[in-house]
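Peer 1: Dropping the structure in here first, questions after.
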Amino acid sequence: MTTRITRQNTPGSLLKAVQEKADVNLGACYQCGKCSIGCPVAGEVESPPSEIIRRLQLGAGDELLQTGLIWTCLSCETCYARCPNQINFTAVIDALRSIAVEKGVAKPQGDAPLFNRSFLNTVRSYGRAYDLKAIAMYKLGAGNLGQDMDKFPAMLKKGKIAILPPSGTDKGTVKEIFKKAAKNKGAGR
Ligand code: SF4
Ligand code: SF4
C-alpha cells in the first residue's frame, strides 16, 4: 500500500478533530484492511478506508479533505461491521465531510451537491424522503429528465417507488431540526 502524506495547513490537528467529531479512537486501528476489502467503492477511489485512517494517524492535514471517498462513500457501514476493533469508519467519513464543508474546501464530485439538495428539500417539506420528487428535482437540475425513464414502470410495479408523498410524518419536528442545523452551521463559522 502506498500512503501519501503531504501535511498542508493543519498538520496533526485533523486527526484530533475527526476523533472528537466521530467519537472514535483511530489509534486502535492496526491496519488489518478488512474495512477496505469490504468497501464497495474502494476500487473507485484514491484512498480506501484503511489508508485514510493511516494517513490520519501519520498526521495528514487539509489535503485529506479533498480525497474522493469523502463524497463517494455510500454510508453502507460495511467497514464498521467488518472492523474487529469496532471502529466506526462511517462516522469518520461524516466527520471529514462536515470539516470539509466548515472549512469551505469541500469538492464533492459530479452532481453530488445537487442530489443532496434535492433529497434534503423533500425531507424538509414532507418530514421524510419523497423519492419521486427528489429524483425529478435532481434530474431537472442535471438536465437529464428523460434518462432512465424506461425503468420507472418496473419500479412502480415492484413497489420500489411511490407516486404520492409520504403521509403521517411529523413535519413540524423535522422543520425544527433543519432550523437548528442551519443555526448551528451559522454559529460554527
Ligand atoms: S460506509 Fe463508506 S467507506 Fe464504509 S464500506 Fe460503505 S462505502 Fe465504504
Ligand atoms: S477493519 Fe478496523 S482495524 Fe482493520 S484496518 Fe479497518 S479500521 Fe483498521
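Residue numbering restarts at 1 for every chain of the C-alpha cells, chains are lettered A, B, ... in their displayed order, and ligands are numbered from 1 as they appear.
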Name the residues, by chain letter and number, that sit within 9 Å of ligand 2 using only C-alpha atoms and all ligand atoms, and give them as JSON, numbers by chain.

Peer 2: {"A": [26, 27, 28, 29, 30, 31, 32, 33, 34, 35, 36, 37, 49, 50, 51, 53, 54, 79, 80, 81, 82, 83, 84, 85, 86, 87, 88, 89]}

Peer 1: Those selected residues, please, written with N, CA and C atoms and delivered as a PDB file, in the first residue's frame.

Peer 2:
ATOM      1  N   LEU A  26      -8.897   6.305  16.633  1.00  0.00           N
ATOM      2  CA  LEU A  26      -8.248   5.722  15.455  1.00  0.00           C
ATOM      3  C   LEU A  26      -6.903   5.085  15.800  1.00  0.00           C
ATOM      4  N   GLY A  27      -6.436   5.302  17.021  1.00  0.00           N
ATOM      5  CA  GLY A  27      -5.222   4.634  17.475  1.00  0.00           C
ATOM      6  C   GLY A  27      -5.426   3.127  17.607  1.00  0.00           C
ATOM      7  N   ALA A  28      -6.700   2.704  17.673  1.00  0.00           N
ATOM      8  CA  ALA A  28      -6.999   1.271  17.820  1.00  0.00           C
ATOM      9  C   ALA A  28      -6.896   0.526  16.490  1.00  0.00           C
ATOM     10  N   CYS A  29      -6.777   1.265  15.390  1.00  0.00           N
ATOM     11  CA  CYS A  29      -6.710   0.613  14.067  1.00  0.00           C
ATOM     12  C   CYS A  29      -5.325   0.013  13.855  1.00  0.00           C
ATOM     13  N   TYR A  30      -5.271  -1.293  13.591  1.00  0.00           N
ATOM     14  CA  TYR A  30      -3.969  -1.921  13.331  1.00  0.00           C
ATOM     15  C   TYR A  30      -3.817  -2.331  11.864  1.00  0.00           C
ATOM     16  N   GLN A  31      -4.562  -1.648  10.993  1.00  0.00           N
ATOM     17  CA  GLN A  31      -4.361  -1.777   9.549  1.00  0.00           C
ATOM     18  C   GLN A  31      -4.541  -3.205   9.018  1.00  0.00           C
ATOM     19  N   CYS A  32      -5.547  -3.890   9.518  1.00  0.00           N
ATOM     20  CA  CYS A  32      -5.795  -5.244   9.002  1.00  0.00           C
ATOM     21  C   CYS A  32      -6.396  -5.189   7.592  1.00  0.00           C
ATOM     22  N   GLY A  33      -7.026  -4.057   7.252  1.00  0.00           N
ATOM     23  CA  GLY A  33      -7.556  -3.874   5.899  1.00  0.00           C
ATOM     24  C   GLY A  33      -8.923  -4.484   5.648  1.00  0.00           C
ATOM     25  N   LYS A  34      -9.557  -5.035   6.689  1.00  0.00           N
ATOM     26  CA  LYS A  34     -10.866  -5.672   6.477  1.00  0.00           C
ATOM     27  C   LYS A  34     -11.913  -4.649   6.006  1.00  0.00           C
ATOM     28  N   CYS A  35     -11.798  -3.416   6.480  1.00  0.00           N
ATOM     29  CA  CYS A  35     -12.748  -2.370   6.067  1.00  0.00           C
ATOM     30  C   CYS A  35     -12.606  -2.094   4.565  1.00  0.00           C
ATOM     31  N   SER A  36     -11.363  -1.982   4.113  1.00  0.00           N
ATOM     32  CA  SER A  36     -11.124  -1.657   2.699  1.00  0.00           C
ATOM     33  C   SER A  36     -11.555  -2.792   1.784  1.00  0.00           C
ATOM     34  N   ILE A  37     -11.320  -4.034   2.219  1.00  0.00           N
ATOM     35  CA  ILE A  37     -11.692  -5.183   1.379  1.00  0.00           C
ATOM     36  C   ILE A  37     -13.203  -5.241   1.179  1.00  0.00           C
ATOM     37  N   PRO A  49     -10.707   3.026   2.888  1.00  0.00           N
ATOM     38  CA  PRO A  49     -10.861   3.368   4.311  1.00  0.00           C
ATOM     39  C   PRO A  49      -9.598   3.199   5.158  1.00  0.00           C
ATOM     40  N   SER A  50      -8.945   2.016   5.093  1.00  0.00           N
ATOM     41  CA  SER A  50      -7.787   1.804   5.978  1.00  0.00           C
ATOM     42  C   SER A  50      -6.658   2.786   5.669  1.00  0.00           C
ATOM     43  N   GLU A  51      -6.529   3.169   4.399  1.00  0.00           N
ATOM     44  CA  GLU A  51      -5.460   4.114   4.042  1.00  0.00           C
ATOM     45  C   GLU A  51      -5.781   5.511   4.573  1.00  0.00           C
ATOM     46  N   ILE A  53      -7.393   6.125   7.299  1.00  0.00           N
ATOM     47  CA  ILE A  53      -7.074   6.079   8.732  1.00  0.00           C
ATOM     48  C   ILE A  53      -5.559   6.195   8.934  1.00  0.00           C
ATOM     49  N   ARG A  54      -4.798   5.496   8.114  1.00  0.00           N
ATOM     50  CA  ARG A  54      -3.330   5.553   8.237  1.00  0.00           C
ATOM     51  C   ARG A  54      -2.828   6.968   7.984  1.00  0.00           C
ATOM     52  N   CYS A  79     -17.772  -1.214   6.416  1.00  0.00           N
ATOM     53  CA  CYS A  79     -16.464  -1.056   7.069  1.00  0.00           C
ATOM     54  C   CYS A  79     -16.604  -1.204   8.586  1.00  0.00           C
ATOM     55  N   TYR A  80     -17.615  -0.570   9.116  1.00  0.00           N
ATOM     56  CA  TYR A  80     -17.863  -0.606  10.568  1.00  0.00           C
ATOM     57  C   TYR A  80     -18.187  -2.043  10.993  1.00  0.00           C
ATOM     58  N   ALA A  81     -19.037  -2.714  10.228  1.00  0.00           N
ATOM     59  CA  ALA A  81     -19.452  -4.077  10.573  1.00  0.00           C
ATOM     60  C   ALA A  81     -18.278  -5.055  10.527  1.00  0.00           C
ATOM     61  N   ARG A  82     -17.315  -4.799   9.618  1.00  0.00           N
ATOM     62  CA  ARG A  82     -16.198  -5.739   9.449  1.00  0.00           C
ATOM     63  C   ARG A  82     -15.024  -5.470  10.395  1.00  0.00           C
ATOM     64  N   CYS A  83     -15.014  -4.310  11.023  1.00  0.00           N
ATOM     65  CA  CYS A  83     -13.839  -3.935  11.819  1.00  0.00           C
ATOM     66  C   CYS A  83     -13.759  -4.745  13.119  1.00  0.00           C
ATOM     67  N   PRO A  84     -12.647  -5.447  13.345  1.00  0.00           N
ATOM     68  CA  PRO A  84     -12.513  -6.225  14.580  1.00  0.00           C
ATOM     69  C   PRO A  84     -12.404  -5.340  15.823  1.00  0.00           C
ATOM     70  N   ASN A  85     -12.129  -4.052  15.611  1.00  0.00           N
ATOM     71  CA  ASN A  85     -11.992  -3.132  16.750  1.00  0.00           C
ATOM     72  C   ASN A  85     -13.182  -2.180  16.877  1.00  0.00           C
ATOM     73  N   GLN A  86     -14.257  -2.489  16.166  1.00  0.00           N
ATOM     74  CA  GLN A  86     -15.490  -1.663  16.218  1.00  0.00           C
ATOM     75  C   GLN A  86     -15.220  -0.177  15.939  1.00  0.00           C
ATOM     76  N   ILE A  87     -14.311   0.080  15.020  1.00  0.00           N
ATOM     77  CA  ILE A  87     -14.079   1.481  14.639  1.00  0.00           C
ATOM     78  C   ILE A  87     -15.151   1.891  13.638  1.00  0.00           C
ATOM     79  N   ASN A  88     -15.878   2.932  13.992  1.00  0.00           N
ATOM     80  CA  ASN A  88     -16.979   3.382  13.143  1.00  0.00           C
ATOM     81  C   ASN A  88     -16.421   4.294  12.041  1.00  0.00           C
ATOM     82  N   PHE A  89     -15.983   3.693  10.943  1.00  0.00           N
ATOM     83  CA  PHE A  89     -15.372   4.490   9.879  1.00  0.00           C
ATOM     84  C   PHE A  89     -16.414   5.346   9.148  1.00  0.00           C
TER      85      PHE A  89
END

Peer 1: Give me, as JSON lines, the closest atom pair and its distance (Å, one decimal) for every residue of chain A within a cut-off of 6 Å of ligand 1, counting only C-alpha atoms and all ligand atoms, rows sorted by chain and rising number.

Peer 2:
{"residue": "A:Gly38", "atom": "CA", "partner": "ligand 1", "partner_atom_place_in_ligand_line": "5 (S)", "distance": 6.0}
{"residue": "A:Cys39", "atom": "CA", "partner": "ligand 1", "partner_atom_place_in_ligand_line": "5 (S)", "distance": 3.6}
{"residue": "A:Pro40", "atom": "CA", "partner": "ligand 1", "partner_atom_place_in_ligand_line": "7 (S)", "distance": 5.6}
{"residue": "A:Val41", "atom": "CA", "partner": "ligand 1", "partner_atom_place_in_ligand_line": "7 (S)", "distance": 5.6}
{"residue": "A:Pro49", "atom": "CA", "partner": "ligand 1", "partner_atom_place_in_ligand_line": "3 (S)", "distance": 5.6}
{"residue": "A:Cys73", "atom": "CA", "partner": "ligand 1", "partner_atom_place_in_ligand_line": "2 (Fe)", "distance": 3.7}
{"residue": "A:Leu74", "atom": "CA", "partner": "ligand 1", "partner_atom_place_in_ligand_line": "7 (S)", "distance": 4.2}
{"residue": "A:Ser75", "atom": "CA", "partner": "ligand 1", "partner_atom_place_in_ligand_line": "1 (S)", "distance": 3.7}
{"residue": "A:Cys76", "atom": "CA", "partner": "ligand 1", "partner_atom_place_in_ligand_line": "6 (Fe)", "distance": 4.0}
{"residue": "A:Glu77", "atom": "CA", "partner": "ligand 1", "partner_atom_place_in_ligand_line": "1 (S)", "distance": 3.9}
{"residue": "A:Thr78", "atom": "CA", "partner": "ligand 1", "partner_atom_place_in_ligand_line": "5 (S)", "distance": 4.2}
{"residue": "A:Cys79", "atom": "CA", "partner": "ligand 1", "partner_atom_place_in_ligand_line": "5 (S)", "distance": 4.1}
{"residue": "A:Thr90", "atom": "CA", "partner": "ligand 1", "partner_atom_place_in_ligand_line": "1 (S)", "distance": 4.7}

Peer 1: Need the shell around Thr72 (chain A): protein/DNA/RNA residues with any atom at most 12 Å away, counting only C-alpha atoms. Skip same-chain ones fewer than 6 positions apart. Format as an MDAnalysis selection string?

Peer 2: chainID A and resid 39:49 66 90 93:94 97 107:113

Peer 1: Using N, CA and C atoms, can you export the residues from the last selection as a CSV table (one decimal), in the first residue's frame?

Peer 2:
chain,number,residue,atom,x,y,z
A,39,CYS,N,-15.3,-2.6,1.4
A,39,CYS,CA,-15.9,-1.4,0.9
A,39,CYS,C,-16.3,-1.4,-0.6
A,40,PRO,N,-17.6,-1.2,-0.9
A,40,PRO,CA,-18.0,-1.4,-2.3
A,40,PRO,C,-17.4,-0.3,-3.3
A,41,VAL,N,-16.9,0.8,-2.7
A,41,VAL,CA,-16.4,1.8,-3.6
A,41,VAL,C,-14.9,2.0,-3.5
A,42,ALA,N,-14.2,1.1,-2.8
A,42,ALA,CA,-12.8,1.2,-2.6
A,42,ALA,C,-12.0,1.2,-3.9
A,43,GLY,N,-12.5,0.5,-4.9
A,43,GLY,CA,-11.8,0.4,-6.1
A,43,GLY,C,-11.9,1.6,-7.0
A,44,GLU,N,-12.8,2.5,-6.6
A,44,GLU,CA,-13.1,3.7,-7.4
A,44,GLU,C,-12.3,5.0,-6.8
A,45,VAL,N,-11.7,4.8,-5.7
A,45,VAL,CA,-11.1,6.0,-5.0
A,45,VAL,C,-9.6,5.9,-4.8
A,46,GLU,N,-9.0,7.0,-4.6
A,46,GLU,CA,-7.6,7.1,-4.4
A,46,GLU,C,-7.2,6.4,-3.2
A,47,SER,N,-7.9,6.7,-2.1
A,47,SER,CA,-7.5,6.1,-0.8
A,47,SER,C,-8.7,5.3,-0.2
A,48,PRO,N,-8.6,4.0,0.0
A,48,PRO,CA,-9.7,3.2,0.7
A,48,PRO,C,-9.7,3.5,2.2
A,49,PRO,N,-10.7,3.0,2.9
A,49,PRO,CA,-10.9,3.4,4.3
A,49,PRO,C,-9.6,3.2,5.2
A,66,GLN,N,-9.7,16.6,0.5
A,66,GLN,CA,-10.0,16.5,-0.9
A,66,GLN,C,-10.2,15.1,-1.4
A,90,THR,N,-17.7,4.9,9.2
A,90,THR,CA,-18.7,5.7,8.5
A,90,THR,C,-18.8,7.1,9.3
A,93,ILE,N,-16.0,9.3,8.1
A,93,ILE,CA,-16.3,9.9,6.8
A,93,ILE,C,-17.3,11.1,7.1
A,94,ASP,N,-18.3,10.9,7.9
A,94,ASP,CA,-19.2,12.0,8.2
A,94,ASP,C,-18.5,13.2,8.8
A,97,ARG,N,-16.5,15.0,6.1
A,97,ARG,CA,-17.4,15.8,5.2
A,97,ARG,C,-17.7,17.1,5.9
A,107,LYS,N,-15.1,19.6,-2.1
A,107,LYS,CA,-15.1,19.5,-3.5
A,107,LYS,C,-15.9,18.2,-3.9
A,108,PRO,N,-17.2,18.2,-3.6
A,108,PRO,CA,-17.9,17.0,-3.9
A,108,PRO,C,-17.9,16.7,-5.4
A,109,GLN,N,-17.9,15.4,-5.8
A,109,GLN,CA,-17.7,15.0,-7.1
A,109,GLN,C,-19.0,15.1,-7.9
A,110,GLY,N,-19.0,15.4,-9.2
A,110,GLY,CA,-20.1,15.3,-10.0
A,110,GLY,C,-21.3,16.1,-9.5
A,111,ASP,N,-22.5,15.5,-9.5
A,111,ASP,CA,-23.8,16.2,-9.2
A,111,ASP,C,-24.1,15.9,-7.7
A,112,ALA,N,-23.2,15.4,-6.9
A,112,ALA,CA,-23.5,15.1,-5.5
A,112,ALA,C,-24.2,16.2,-4.7
A,113,PRO,N,-23.7,17.5,-4.8
A,113,PRO,CA,-24.4,18.5,-4.1
A,113,PRO,C,-25.8,18.7,-4.6

Peer 1: Measuring atom to atom with only C-alpha atoms, identify which of A:Ala22, A:Ala154, A:Ile161, A:Ile177 is nearest to Asp131 (chain A).

Peer 2: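 Of A:Ala22, A:Ala154, A:Ile161, A:Ile177, the one nearest Asp131 (chain A) is A:Ile161, counting only C-alpha atoms.
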
Peer 1: Write out as a CSV table (one decimal) with C-alpha atoms, in the first residue's frame the residues lying within 6 Å of Tyr138 (chain A), counting only C-alpha atoms and excluding same-chain residues fewer than 3 positions away.

Peer 2:
chain,number,residue,atom,x,y,z
A,115,PHE,CA,-28.5,15.3,-5.3
A,118,SER,CA,-32.9,17.6,-4.0
A,135,ILE,CA,-35.5,12.2,-8.4
A,141,GLY,CA,-31.2,20.2,-12.2

Peer 1: In terms of the shortest atom-to-atom distance over only C-alpha atoms, which of A:Val174, A:Ala17, A:Ala142, A:Ile70 is closest to Leu114 (chain A)?

Peer 2: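 Among the listed residues, A:Ala142 lies closest to Leu114 (chain A).
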